Amino acid sequence: NSGFNASSNVSASRITDAWKLEFRVNGSYRERSFTYLDPSTERDTTVVSVFRNYGGNALIARTVNGHLSIGGRAALTTSTFGNTRHSVSLAPAIEYNLFPYSESTRRSFTVQYAPGVLSQEYRETTIFQQDEETRLQHASTLAYSTRQPWGNINLSVYGSQFLHDTNLYQLTFFGGSSINIFRGLRLNFFGNYQMIRDQ
């Protein structure tokens, strides 16, 4: 057996008393090769499994006061694991920050709600016999982050649900931490878990 993994994540954000801007691009590639003896031919057979996930999203919001912002978000993704050739979403968004936005470089605890539209073209026909579809959905995100002299912590929960059938939903849990060992050396930990129940 053999394998190869590669991933990248680039993000930029700017939060002021008037605006909240967030942009993120990410990608991951994973390849696994398995070799086994085929009893019917008595020869070695190699199977290659490939996982690709690429995407980007943006949030542009106007802060109403020190804790509330209103704007819109957009996302574009493609994923072999998610069975999507392409997925595009557009939605207005409203967000409340438990801490003042002026403290966002140090800490934030936000709740965001975004009702909008999602258009997807699937790689393989779904169990609902769909090759592509455009649906209304709503999504919520709960996120906490803190930056301290010793490092930082980022936690988030994201959920989305189709409005035509509330039994169809997705949930994503993410946790990450960066710990400063000493100047120039940092340990990074992260993990995520995803439940896809809308295909």
# chains A, B, ... in the order shown; residues from 1 in each chain; ligands from 1

call {"tool": "select_by_dssp", "arguments": {"residues": "segment 160-199 of chain A", "states": "strand (DSSP E or B)", "output": "mmCIF file with all heavy atoms, in the first residue's frame"}}
result
data_model
loop_
_atom_site.group_PDB
_atom_site.id
_atom_site.type_symbol
_atom_site.label_atom_id
_atom_site.label_comp_id
_atom_site.auth_asym_id
_atom_site.auth_seq_id
_atom_site.Cartn_x
_atom_site.Cartn_y
_atom_site.Cartn_z
ATOM 1 N N SER A 160 -26.212 23.135 7.423
ATOM 2 C CA SER A 160 -27.088 23.627 6.363
ATOM 3 C C SER A 160 -28.234 22.645 6.177
ATOM 4 O O SER A 160 -28.107 21.448 6.464
ATOM 5 C CB SER A 160 -26.324 23.814 5.049
ATOM 6 O OG SER A 160 -25.855 22.566 4.557
ATOM 7 N N GLN A 161 -29.346 23.158 5.663
ATOM 8 C CA GLN A 161 -30.552 22.344 5.526
ATOM 9 C C GLN A 161 -31.364 22.844 4.346
ATOM 10 O O GLN A 161 -31.536 24.059 4.167
ATOM 11 C CB GLN A 161 -31.361 22.447 6.823
ATOM 12 C CG GLN A 161 -32.617 21.615 6.879
ATOM 13 C CD GLN A 161 -33.368 21.856 8.179
ATOM 14 O OE1 GLN A 161 -33.661 23.005 8.532
ATOM 15 N NE2 GLN A 161 -33.671 20.795 8.905
ATOM 16 N N PHE A 162 -31.855 21.919 3.520
ATOM 17 C CA PHE A 162 -32.723 22.304 2.416
ATOM 18 C C PHE A 162 -34.104 22.664 2.954
ATOM 19 O O PHE A 162 -34.597 22.031 3.891
ATOM 20 C CB PHE A 162 -32.844 21.170 1.397
ATOM 21 C CG PHE A 162 -31.649 21.022 0.509
ATOM 22 C CD1 PHE A 162 -30.892 19.859 0.519
ATOM 23 C CD2 PHE A 162 -31.282 22.042 -0.349
ATOM 24 C CE1 PHE A 162 -29.789 19.718 -0.308
ATOM 25 C CE2 PHE A 162 -30.176 21.914 -1.185
ATOM 26 C CZ PHE A 162 -29.435 20.746 -1.162
ATOM 27 N N TYR A 169 -29.779 17.518 5.218
ATOM 28 C CA TYR A 169 -28.919 18.484 5.906
ATOM 29 C C TYR A 169 -27.458 18.054 5.846
ATOM 30 O O TYR A 169 -27.127 16.919 5.474
ATOM 31 C CB TYR A 169 -29.350 18.623 7.375
ATOM 32 C CG TYR A 169 -29.136 17.360 8.183
ATOM 33 C CD1 TYR A 169 -27.944 17.147 8.877
ATOM 34 C CD2 TYR A 169 -30.116 16.382 8.252
ATOM 35 C CE1 TYR A 169 -27.743 15.985 9.606
ATOM 36 C CE2 TYR A 169 -29.925 15.226 8.976
ATOM 37 C CZ TYR A 169 -28.734 15.026 9.658
ATOM 38 O OH TYR A 169 -28.534 13.870 10.368
ATOM 39 N N GLN A 170 -26.587 18.991 6.231
ATOM 40 C CA GLN A 170 -25.157 18.731 6.403
ATOM 41 C C GLN A 170 -24.701 19.333 7.726
ATOM 42 O O GLN A 170 -25.205 20.374 8.150
ATOM 43 C CB GLN A 170 -24.324 19.371 5.282
ATOM 44 C CG GLN A 170 -24.337 18.647 3.965
ATOM 45 C CD GLN A 170 -23.236 19.142 3.025
ATOM 46 O OE1 GLN A 170 -22.137 19.484 3.465
ATOM 47 N NE2 GLN A 170 -23.539 19.172 1.749
ATOM 48 N N LEU A 171 -23.734 18.688 8.353
ATOM 49 C CA LEU A 171 -23.120 19.211 9.566
ATOM 50 C C LEU A 171 -21.609 19.058 9.452
ATOM 51 O O LEU A 171 -21.112 18.018 9.018
ATOM 52 C CB LEU A 171 -23.601 18.456 10.811
ATOM 53 C CG LEU A 171 -24.987 18.790 11.361
ATOM 54 C CD1 LEU A 171 -25.327 17.842 12.498
ATOM 55 C CD2 LEU A 171 -25.046 20.235 11.835
ATOM 56 N N THR A 172 -20.886 20.117 9.825
ATOM 57 C CA THR A 172 -19.423 20.075 9.814
ATOM 58 C C THR A 172 -18.902 20.628 11.133
ATOM 59 O O THR A 172 -19.298 21.716 11.563
ATOM 60 C CB THR A 172 -18.848 20.901 8.648
ATOM 61 O OG1 THR A 172 -19.341 20.384 7.408
ATOM 62 C CG2 THR A 172 -17.325 20.830 8.643
ATOM 63 N N PHE A 173 -18.011 19.870 11.754
ATOM 64 C CA PHE A 173 -17.373 20.280 13.005
ATOM 65 C C PHE A 173 -15.883 20.462 12.741
ATOM 66 O O PHE A 173 -15.250 19.607 12.115
ATOM 67 C CB PHE A 173 -17.565 19.221 14.093
ATOM 68 C CG PHE A 173 -19.002 18.898 14.379
ATOM 69 C CD1 PHE A 173 -19.669 17.922 13.645
ATOM 70 C CD2 PHE A 173 -19.692 19.564 15.380
ATOM 71 C CE1 PHE A 173 -20.997 17.621 13.896
ATOM 72 C CE2 PHE A 173 -21.024 19.266 15.652
ATOM 73 C CZ PHE A 173 -21.670 18.296 14.907
ATOM 74 N N PHE A 174 -15.326 21.582 13.208
ATOM 75 C CA PHE A 174 -13.903 21.857 12.999
ATOM 76 C C PHE A 174 -13.268 22.347 14.295
ATOM 77 O O PHE A 174 -13.875 23.120 15.049
ATOM 78 C CB PHE A 174 -13.698 22.919 11.917
ATOM 79 C CG PHE A 174 -12.258 23.340 11.767
ATOM 80 C CD1 PHE A 174 -11.376 22.586 11.017
ATOM 81 C CD2 PHE A 174 -11.775 24.472 12.421
ATOM 82 C CE1 PHE A 174 -10.043 22.961 10.900
ATOM 83 C CE2 PHE A 174 -10.453 24.852 12.303
ATOM 84 C CZ PHE A 174 -9.579 24.092 11.536
ATOM 85 N N GLY A 175 -12.056 21.887 14.533
ATOM 86 C CA GLY A 175 -11.294 22.365 15.676
ATOM 87 C C GLY A 175 -9.827 22.473 15.306
ATOM 88 O O GLY A 175 -9.279 21.598 14.632
ATOM 89 N N GLY A 176 -9.198 23.556 15.713
ATOM 90 C CA GLY A 176 -7.787 23.744 15.417
ATOM 91 C C GLY A 176 -7.114 24.559 16.498
ATOM 92 O O GLY A 176 -7.743 25.389 17.157
ATOM 93 N N SER A 177 -5.821 24.298 16.675
ATOM 94 C CA SER A 177 -5.064 25.032 17.679
ATOM 95 C C SER A 177 -3.625 25.170 17.216
ATOM 96 O O SER A 177 -3.082 24.293 16.540
ATOM 97 C CB SER A 177 -5.101 24.295 19.030
ATOM 98 O OG SER A 177 -4.336 24.986 20.001
ATOM 99 N N SER A 178 -3.033 26.294 17.566
ATOM 100 C CA SER A 178 -1.625 26.553 17.268
ATOM 101 C C SER A 178 -0.941 26.969 18.566
ATOM 102 O O SER A 178 -1.388 27.911 19.222
ATOM 103 C CB SER A 178 -1.490 27.654 16.210
ATOM 104 O OG SER A 178 -0.139 27.919 15.922
ATOM 105 N N ILE A 179 0.106 26.241 18.941
ATOM 106 C CA ILE A 179 0.786 26.474 20.212
ATOM 107 C C ILE A 179 2.220 26.913 19.944
ATOM 108 O O ILE A 179 2.955 26.249 19.211
ATOM 109 C CB ILE A 179 0.780 25.207 21.085
ATOM 110 C CG1 ILE A 179 -0.668 24.778 21.361
ATOM 111 C CG2 ILE A 179 1.527 25.444 22.397
ATOM 112 C CD1 ILE A 179 -0.785 23.464 22.094
ATOM 113 N N ASN A 180 2.601 28.048 20.519
ATOM 114 C CA ASN A 180 3.956 28.553 20.363
ATOM 115 C C ASN A 180 4.884 27.831 21.346
ATOM 116 O O ASN A 180 4.746 27.965 22.557
ATOM 117 C CB ASN A 180 3.998 30.063 20.630
ATOM 118 C CG ASN A 180 3.104 30.838 19.668
ATOM 119 O OD1 ASN A 180 3.018 30.504 18.490
ATOM 120 N ND2 ASN A 180 2.437 31.854 20.176
ATOM 121 N N ILE A 181 5.828 27.057 20.820
ATOM 122 C CA ILE A 181 6.793 26.354 21.666
ATOM 123 C C ILE A 181 7.893 27.320 22.104
ATOM 124 O O ILE A 181 8.176 27.473 23.291
ATOM 125 C CB ILE A 181 7.389 25.151 20.923
ATOM 126 C CG1 ILE A 181 6.263 24.219 20.438
ATOM 127 C CG2 ILE A 181 8.356 24.391 21.826
ATOM 128 C CD1 ILE A 181 5.377 23.709 21.546
ATOM 129 N N PHE A 182 8.508 27.955 21.138
ATOM 130 C CA PHE A 182 9.426 29.061 21.378
ATOM 131 C C PHE A 182 9.523 29.851 20.088
ATOM 132 O O PHE A 182 8.929 29.469 19.079
ATOM 133 C CB PHE A 182 10.815 28.589 21.870
ATOM 134 C CG PHE A 182 11.468 27.550 20.993
ATOM 135 C CD1 PHE A 182 12.133 27.900 19.830
ATOM 136 C CD2 PHE A 182 11.423 26.208 21.352
ATOM 137 C CE1 PHE A 182 12.741 26.956 19.030
ATOM 138 C CE2 PHE A 182 12.030 25.247 20.560
ATOM 139 C CZ PHE A 182 12.693 25.622 19.403
ATOM 140 N N LEU A 185 9.196 28.423 16.402
ATOM 141 C CA LEU A 185 8.671 27.052 16.361
ATOM 142 C C LEU A 185 7.250 27.030 16.916
ATOM 143 O O LEU A 185 6.994 27.517 18.017
ATOM 144 C CB LEU A 185 9.554 26.107 17.180
ATOM 145 C CG LEU A 185 9.082 24.639 17.211
ATOM 146 C CD1 LEU A 185 9.084 24.043 15.803
ATOM 147 C CD2 LEU A 185 9.951 23.820 18.156
ATOM 148 N N ARG A 186 6.340 26.449 16.136
ATOM 149 C CA ARG A 186 4.928 26.405 16.511
ATOM 150 C C ARG A 186 4.355 25.039 16.145
ATOM 151 O O ARG A 186 4.673 24.480 15.097
ATOM 152 C CB ARG A 186 4.177 27.504 15.770
ATOM 153 C CG ARG A 186 2.683 27.492 15.969
ATOM 154 C CD ARG A 186 2.016 28.559 15.125
ATOM 155 N NE ARG A 186 2.464 29.903 15.486
ATOM 156 C CZ ARG A 186 2.101 30.998 14.841
ATOM 157 N NH1 ARG A 186 1.321 30.898 13.776
ATOM 158 N NH2 ARG A 186 2.522 32.173 15.230
ATOM 159 N N LEU A 187 3.529 24.494 17.018
ATOM 160 C CA LEU A 187 2.834 23.242 16.753
ATOM 161 C C LEU A 187 1.398 23.540 16.343
ATOM 162 O O LEU A 187 0.704 24.316 17.010
ATOM 163 C CB LEU A 187 2.833 22.347 17.992
ATOM 164 C CG LEU A 187 4.151 21.659 18.361
ATOM 165 C CD1 LEU A 187 3.969 20.830 19.626
ATOM 166 C CD2 LEU A 187 4.641 20.783 17.218
ATOM 167 N N ASN A 188 0.958 22.916 15.247
ATOM 168 C CA ASN A 188 -0.397 23.113 14.760
ATOM 169 C C ASN A 188 -1.173 21.805 14.839
ATOM 170 O O ASN A 188 -0.660 20.744 14.446
ATOM 171 C CB ASN A 188 -0.383 23.599 13.305
ATOM 172 C CG ASN A 188 0.261 24.959 13.160
ATOM 173 O OD1 ASN A 188 -0.033 25.870 13.928
ATOM 174 N ND2 ASN A 188 1.139 25.109 12.196
ATOM 175 N N PHE A 189 -2.394 21.879 15.338
ATOM 176 C CA PHE A 189 -3.283 20.734 15.398
ATOM 177 C C PHE A 189 -4.626 21.133 14.797
ATOM 178 O O PHE A 189 -5.118 22.226 15.052
ATOM 179 C CB PHE A 189 -3.516 20.291 16.853
ATOM 180 C CG PHE A 189 -2.269 19.966 17.611
ATOM 181 C CD1 PHE A 189 -1.630 20.941 18.367
ATOM 182 C CD2 PHE A 189 -1.735 18.695 17.586
ATOM 183 C CE1 PHE A 189 -0.489 20.656 19.074
ATOM 184 C CE2 PHE A 189 -0.590 18.393 18.292
ATOM 185 C CZ PHE A 189 0.040 19.365 19.045
ATOM 186 N N PHE A 190 -5.223 20.257 14.014
ATOM 187 C CA PHE A 190 -6.558 20.536 13.511
ATOM 188 C C PHE A 190 -7.240 19.229 13.125
ATOM 189 O O PHE A 190 -6.596 18.209 12.873
ATOM 190 C CB PHE A 190 -6.521 21.493 12.307
ATOM 191 C CG PHE A 190 -5.922 20.898 11.065
ATOM 192 C CD1 PHE A 190 -6.721 20.261 10.127
ATOM 193 C CD2 PHE A 190 -4.557 20.978 10.828
ATOM 194 C CE1 PHE A 190 -6.167 19.716 8.983
ATOM 195 C CE2 PHE A 190 -3.993 20.435 9.681
ATOM 196 C CZ PHE A 190 -4.806 19.798 8.759
ATOM 197 N N GLY A 191 -8.552 19.279 13.107
ATOM 198 C CA GLY A 191 -9.338 18.122 12.704
ATOM 199 C C GLY A 191 -10.749 18.561 12.368
ATOM 200 O O GLY A 191 -11.211 19.610 12.823
ATOM 201 N N ASN A 192 -11.421 17.771 11.536
ATOM 202 C CA ASN A 192 -12.799 18.086 11.208
ATOM 203 C C ASN A 192 -13.586 16.799 10.974
ATOM 204 O O ASN A 192 -13.013 15.747 10.642
ATOM 205 C CB ASN A 192 -12.892 19.018 9.999
ATOM 206 C CG ASN A 192 -12.490 18.330 8.717
ATOM 207 O OD1 ASN A 192 -11.325 18.027 8.506
ATOM 208 N ND2 ASN A 192 -13.444 18.077 7.846
ATOM 209 N N TYR A 193 -14.884 16.906 11.167
ATOM 210 C CA TYR A 193 -15.789 15.773 10.974
ATOM 211 C C TYR A 193 -17.011 16.289 10.222
ATOM 212 O O TYR A 193 -17.551 17.339 10.569
ATOM 213 C CB TYR A 193 -16.216 15.184 12.320
ATOM 214 C CG TYR A 193 -17.203 14.053 12.199
ATOM 215 C CD1 TYR A 193 -16.804 12.787 11.801
ATOM 216 C CD2 TYR A 193 -18.555 14.258 12.478
ATOM 217 C CE1 TYR A 193 -17.711 11.750 11.681
ATOM 218 C CE2 TYR A 193 -19.471 13.224 12.363
ATOM 219 C CZ TYR A 193 -19.036 11.968 11.973
ATOM 220 O OH TYR A 193 -19.939 10.946 11.851
ATOM 221 N N GLN A 194 -17.415 15.559 9.198
ATOM 222 C CA GLN A 194 -18.507 16.029 8.353
ATOM 223 C C GLN A 194 -19.576 14.951 8.186
ATOM 224 O O GLN A 194 -19.254 13.774 7.988
ATOM 225 C CB GLN A 194 -17.979 16.445 6.981
ATOM 226 C CG GLN A 194 -19.009 17.125 6.090
ATOM 227 C CD GLN A 194 -18.396 17.674 4.815
ATOM 228 O OE1 GLN A 194 -17.402 17.158 4.316
ATOM 229 N NE2 GLN A 194 -18.980 18.716 4.272
ATOM 230 N N MET A 195 -20.837 15.350 8.303
ATOM 231 C CA MET A 195 -21.977 14.477 8.062
ATOM 232 C C MET A 195 -22.740 15.020 6.867
ATOM 233 O O MET A 195 -23.197 16.165 6.878
ATOM 234 C CB MET A 195 -22.903 14.433 9.292
ATOM 235 C CG MET A 195 -22.251 13.875 10.539
ATOM 236 S SD MET A 195 -23.287 14.125 12.012
ATOM 237 C CE MET A 195 -24.801 13.306 11.500
ATOM 238 N N ILE A 196 -22.847 14.221 5.802
ATOM 239 C CA ILE A 196 -23.548 14.627 4.599
ATOM 240 C C ILE A 196 -24.830 13.800 4.496
ATOM 241 O O ILE A 196 -24.769 12.592 4.297
ATOM 242 C CB ILE A 196 -22.688 14.445 3.337
ATOM 243 C CG1 ILE A 196 -21.426 15.305 3.423
ATOM 244 C CG2 ILE A 196 -23.484 14.790 2.089
ATOM 245 C CD1 ILE A 196 -20.473 15.116 2.278
ATOM 246 N N ARG A 197 -25.966 14.463 4.669
ATOM 247 C CA ARG A 197 -27.250 13.766 4.650
ATOM 248 C C ARG A 197 -28.223 14.453 3.682
ATOM 249 O O ARG A 197 -29.425 14.422 3.899
ATOM 250 C CB ARG A 197 -27.870 13.773 6.064
ATOM 251 C CG ARG A 197 -27.020 13.114 7.123
ATOM 252 C CD ARG A 197 -26.971 11.598 6.970
ATOM 253 N NE ARG A 197 -26.294 10.961 8.082
ATOM 254 C CZ ARG A 197 -24.984 10.726 8.131
ATOM 255 N NH1 ARG A 197 -24.225 11.091 7.104
ATOM 256 N NH2 ARG A 197 -24.431 10.135 9.171
#

call {"tool": "residues_around", "arguments": {"residues": "segment 116-130 of chain A", "least_positions_apart": "6", "cutoff": "8 Å", "atoms": "only C-alpha atoms", "output": "list in words"}}
result
Thr80, Asn83, Thr84, Arg85, His86, Ser87, Val88, Ser89, Leu90, Ala91, Pro92, Leu136, Gln137, His138 and Gln199 of chain A

call {"tool": "residues_around", "arguments": {"residues": "Phe51 of chain A", "least_positions_apart": "3", "cutoff": "8 Å", "atoms": "only C-alpha atoms", "output": "VMD selection string"}}
result
chain A and resid 28 to 31 79 to 81

call {"tool": "residues_around", "arguments": {"residues": "Trp19 of chain A", "least_positions_apart": "4", "cutoff": "12 Å", "atoms": "only C-alpha atoms", "output": "list in words"}}
result
Ser13, Arg14, Ile15, Leu59, Ile60, Ala61, Arg62, Thr63, Val64, Asn65, Gly66, His67, Leu68, Ser69, Ile70, Gly71, Gly72, Tyr101 and Ser102 of chain A

call {"tool": "write_last_selection", "arguments": {"atoms": "all heavy atoms", "output": "compact mmCIF listing (two decimals), in the first residue's frame"}}
result
# COMPACT_ATOMS: atom_id res chain seq x y z
N SER A 13 -8.61 38.27 6.11
CA SER A 13 -9.79 38.91 6.71
C SER A 13 -9.42 40.30 7.19
O SER A 13 -8.27 40.57 7.54
CB SER A 13 -10.32 38.07 7.87
OG SER A 13 -9.38 38.00 8.92
N ARG A 14 -10.42 41.15 7.20
CA ARG A 14 -10.25 42.51 7.72
C ARG A 14 -11.54 42.92 8.39
O ARG A 14 -12.62 42.86 7.79
CB ARG A 14 -9.89 43.49 6.60
CG ARG A 14 -9.74 44.93 7.08
CD ARG A 14 -9.25 45.85 5.98
NE ARG A 14 -9.25 47.24 6.37
CZ ARG A 14 -8.31 47.81 7.12
NH1 ARG A 14 -7.29 47.08 7.55
NH2 ARG A 14 -8.37 49.09 7.43
N ILE A 15 -11.44 43.29 9.65
CA ILE A 15 -12.61 43.69 10.43
C ILE A 15 -12.38 45.08 10.99
O ILE A 15 -11.38 45.32 11.68
CB ILE A 15 -12.89 42.69 11.56
CG1 ILE A 15 -13.12 41.28 11.00
CG2 ILE A 15 -14.11 43.13 12.37
CD1 ILE A 15 -13.25 40.22 12.05
N LEU A 59 -17.10 36.48 2.42
CA LEU A 59 -18.13 37.16 3.20
C LEU A 59 -17.85 38.65 3.18
O LEU A 59 -16.73 39.08 3.47
CB LEU A 59 -18.15 36.66 4.65
CG LEU A 59 -19.00 37.47 5.64
CD1 LEU A 59 -20.48 37.29 5.33
CD2 LEU A 59 -18.69 37.08 7.07
N ILE A 60 -18.86 39.44 2.81
CA ILE A 60 -18.75 40.89 2.86
C ILE A 60 -19.95 41.40 3.65
O ILE A 60 -21.10 41.18 3.26
CB ILE A 60 -18.75 41.50 1.44
CG1 ILE A 60 -17.57 40.97 0.63
CG2 ILE A 60 -18.70 43.02 1.51
CD1 ILE A 60 -17.53 41.45 -0.81
N ALA A 61 -19.68 42.03 4.78
CA ALA A 61 -20.77 42.46 5.65
C ALA A 61 -20.49 43.85 6.20
O ALA A 61 -19.35 44.23 6.46
CB ALA A 61 -20.95 41.46 6.80
N ARG A 62 -21.56 44.60 6.38
CA ARG A 62 -21.50 45.94 6.95
C ARG A 62 -21.88 45.85 8.43
O ARG A 62 -22.93 45.29 8.76
CB ARG A 62 -22.46 46.86 6.22
CG ARG A 62 -22.56 48.27 6.78
CD ARG A 62 -21.43 49.13 6.31
NE ARG A 62 -21.61 50.52 6.74
CZ ARG A 62 -20.77 51.49 6.45
NH1 ARG A 62 -19.68 51.25 5.72
NH2 ARG A 62 -21.00 52.72 6.86
N THR A 63 -21.03 46.35 9.30
CA THR A 63 -21.34 46.30 10.72
C THR A 63 -22.37 47.38 11.07
O THR A 63 -22.20 48.55 10.73
CB THR A 63 -20.07 46.49 11.56
OG1 THR A 63 -19.41 47.71 11.17
CG2 THR A 63 -19.10 45.34 11.35
N VAL A 64 -23.44 46.94 11.74
CA VAL A 64 -24.50 47.85 12.15
C VAL A 64 -24.13 48.55 13.45
O VAL A 64 -24.37 49.73 13.63
CB VAL A 64 -25.82 47.09 12.30
CG1 VAL A 64 -26.94 48.01 12.77
CG2 VAL A 64 -26.20 46.42 10.99
N ASN A 65 -23.55 47.79 14.35
CA ASN A 65 -23.04 48.35 15.61
C ASN A 65 -21.83 47.52 16.01
O ASN A 65 -21.27 46.80 15.19
CB ASN A 65 -24.13 48.37 16.70
CG ASN A 65 -24.73 46.99 16.92
OD1 ASN A 65 -24.01 45.99 16.95
ND2 ASN A 65 -26.05 46.94 17.08
N GLY A 66 -21.43 47.60 17.24
CA GLY A 66 -20.23 46.89 17.67
C GLY A 66 -20.35 45.39 17.69
O GLY A 66 -19.33 44.68 17.79
N HIS A 67 -21.59 44.86 17.58
CA HIS A 67 -21.78 43.41 17.69
C HIS A 67 -22.53 42.78 16.52
O HIS A 67 -22.47 41.56 16.37
CB HIS A 67 -22.56 43.09 18.99
CG HIS A 67 -21.85 43.49 20.24
ND1 HIS A 67 -21.02 42.63 20.92
CD2 HIS A 67 -21.84 44.65 20.93
CE1 HIS A 67 -20.53 43.24 22.00
NE2 HIS A 67 -21.02 44.48 22.02
N LEU A 68 -23.22 43.56 15.71
CA LEU A 68 -24.08 43.02 14.65
C LEU A 68 -23.58 43.46 13.28
O LEU A 68 -23.18 44.60 13.10
CB LEU A 68 -25.52 43.51 14.87
CG LEU A 68 -26.58 42.97 13.91
CD1 LEU A 68 -26.82 41.49 14.18
CD2 LEU A 68 -27.88 43.76 14.07
N SER A 69 -23.64 42.53 12.32
CA SER A 69 -23.28 42.88 10.94
C SER A 69 -24.26 42.21 9.98
O SER A 69 -24.78 41.13 10.26
CB SER A 69 -21.84 42.46 10.61
OG SER A 69 -21.69 41.05 10.69
N ILE A 70 -24.48 42.85 8.83
CA ILE A 70 -25.39 42.36 7.81
C ILE A 70 -24.70 42.46 6.45
O ILE A 70 -24.10 43.49 6.13
CB ILE A 70 -26.71 43.16 7.78
CG1 ILE A 70 -27.44 43.02 9.12
CG2 ILE A 70 -27.62 42.70 6.65
CD1 ILE A 70 -28.68 43.88 9.23
N GLY A 71 -24.78 41.39 5.65
CA GLY A 71 -24.13 41.41 4.35
C GLY A 71 -24.50 40.20 3.52
O GLY A 71 -25.66 39.78 3.52
N GLY A 72 -23.53 39.62 2.85
CA GLY A 72 -23.79 38.46 2.00
C GLY A 72 -22.56 37.59 1.89
O GLY A 72 -21.44 38.04 2.13
N TYR A 101 -16.66 43.80 17.80
CA TYR A 101 -15.83 43.56 16.62
C TYR A 101 -14.45 44.21 16.76
O TYR A 101 -13.48 43.75 16.14
CB TYR A 101 -16.52 44.08 15.36
CG TYR A 101 -17.59 43.15 14.83
CD1 TYR A 101 -18.92 43.53 14.82
CD2 TYR A 101 -17.25 41.90 14.32
CE1 TYR A 101 -19.91 42.67 14.32
CE2 TYR A 101 -18.21 41.04 13.83
CZ TYR A 101 -19.54 41.43 13.84
OH TYR A 101 -20.51 40.58 13.34
N SER A 102 -14.34 45.22 17.55
CA SER A 102 -13.05 45.87 17.76
C SER A 102 -12.05 44.95 18.45
O SER A 102 -10.85 45.19 18.41
CB SER A 102 -13.23 47.15 18.59
OG SER A 102 -13.82 46.85 19.85

call {"tool": "residues_around", "arguments": {"residues": "Val10 of chain A", "least_positions_apart": "4", "cutoff": "10 Å", "atoms": "only C-alpha atoms", "output": "VMD selection string"}}
result
chain A and resid 23 to 27 56

call {"tool": "residues_around", "arguments": {"residues": "Thr35 of chain A", "least_positions_apart": "4", "cutoff": "12 Å", "atoms": "only C-alpha atoms", "output": "VMD selection string"}}
result
chain A and resid 1 to 3 43 to 49

call {"tool": "closest_atom_pairs", "arguments": {"of": "segment 61-118 of chain A", "to": "segment 153-158 of chain A", "cutoff": "12 Å", "atoms": "only C-alpha atoms", "output": "Markdown table"}}
result
| residue | atom | partner | partner_atom | distance |
| --- | --- | --- | --- | --- |
| A:Arg106 | CA | A:Ile153 | CA | 10.6 |
| A:Arg107 | CA | A:Ile153 | CA | 9.5 |
| A:Ser108 | CA | A:Asn154 | CA | 9.7 |
| A:Phe109 | CA | A:Leu155 | CA | 9.5 |
| A:Thr110 | CA | A:Ser156 | CA | 9.4 |
| A:Val111 | CA | A:Val157 | CA | 9.8 |
| A:Gln112 | CA | A:Tyr158 | CA | 9.5 |
| A:Tyr113 | CA | A:Tyr158 | CA | 10.1 |
| A:Ala114 | CA | A:Tyr158 | CA | 11.1 |

call {"tool": "write_last_selection", "arguments": {"atoms": "N, CA, C and O atoms", "output": "tab-separated table (two decimals), in the first residue's frame"}}
result
chain	number	residue	atom	x	y	z
A	106	ARG	N	-8.24	39.60	18.75
A	106	ARG	CA	-7.89	38.87	19.97
A	106	ARG	C	-8.88	37.77	20.31
A	106	ARG	O	-8.51	36.68	20.71
A	107	ARG	N	-10.19	38.03	20.08
A	107	ARG	CA	-11.19	37.01	20.40
A	107	ARG	C	-12.49	37.33	19.68
A	107	ARG	O	-12.81	38.49	19.41
A	108	SER	N	-13.26	36.28	19.37
A	108	SER	CA	-14.59	36.45	18.78
A	108	SER	C	-15.41	35.20	19.05
A	108	SER	O	-14.89	34.09	19.14
A	109	PHE	N	-16.70	35.40	19.17
A	109	PHE	CA	-17.65	34.31	19.35
A	109	PHE	C	-18.89	34.69	18.58
A	109	PHE	O	-19.70	35.49	19.03
A	110	THR	N	-19.03	34.15	17.36
A	110	THR	CA	-20.06	34.61	16.45
A	110	THR	C	-21.12	33.55	16.16
A	110	THR	O	-20.84	32.35	16.14
A	111	VAL	N	-22.32	34.03	15.90
A	111	VAL	CA	-23.42	33.21	15.40
A	111	VAL	C	-23.89	33.85	14.11
A	111	VAL	O	-24.21	35.05	14.08
A	112	GLN	N	-23.91	33.08	13.03
A	112	GLN	CA	-24.28	33.62	11.72
A	112	GLN	C	-25.40	32.79	11.11
A	112	GLN	O	-25.41	31.56	11.21
A	113	TYR	N	-26.34	33.49	10.46
A	113	TYR	CA	-27.45	32.83	9.78
A	113	TYR	C	-27.51	33.34	8.35
A	113	TYR	O	-27.46	34.56	8.12
A	114	ALA	N	-27.62	32.40	7.38
A	114	ALA	CA	-27.58	32.78	5.96
A	114	ALA	C	-28.59	31.96	5.16
A	114	ALA	O	-28.32	30.81	4.81

call {"tool": "atom_distance", "arguments": {"atom1": "atom CA of Glu22 of chain A", "atom2": "atom CA of Asn9 of chain A"}}
result
13.3 Å

call {"tool": "closest_residue", "arguments": {"among": "A:Asn57, A:Phe34, A:Leu98, A:Glu42", "to": "Ser11 of chain A", "atoms": "only C-alpha atoms"}}
result
A:Asn57

call {"tool": "atom_distance", "arguments": {"atom1": "atom CA of Ala139 of chain A", "atom2": "atom CA of Arg52 of chain A"}}
result
23.8 Å

call {"tool": "decode", "arguments": {"residues": "segment 180-184 of chain A", "atoms": "N, CA and C atoms", "output": "PDB file, in the first residue's frame"}}
result
ATOM      1  N   ASN A 180       2.601  28.048  20.519  1.00  0.00           N
ATOM      2  CA  ASN A 180       3.956  28.553  20.363  1.00  0.00           C
ATOM      3  C   ASN A 180       4.884  27.831  21.346  1.00  0.00           C
ATOM      4  N   ILE A 181       5.828  27.057  20.820  1.00  0.00           N
ATOM      5  CA  ILE A 181       6.793  26.354  21.666  1.00  0.00           C
ATOM      6  C   ILE A 181       7.893  27.320  22.104  1.00  0.00           C
ATOM      7  N   PHE A 182       8.508  27.955  21.138  1.00  0.00           N
ATOM      8  CA  PHE A 182       9.426  29.061  21.378  1.00  0.00           C
ATOM      9  C   PHE A 182       9.523  29.851  20.088  1.00  0.00           C
ATOM     10  N   ARG A 183      10.237  30.943  20.105  1.00  0.00           N
ATOM     11  CA  ARG A 183      10.269  31.837  18.937  1.00  0.00           C
ATOM     12  C   ARG A 183      10.742  31.084  17.693  1.00  0.00           C
ATOM     13  N   GLY A 184       9.912  31.067  16.673  1.00  0.00           N
ATOM     14  CA  GLY A 184      10.256  30.399  15.429  1.00  0.00           C
ATOM     15  C   GLY A 184       9.739  28.978  15.321  1.00  0.00           C
TER      16      GLY A 184
END
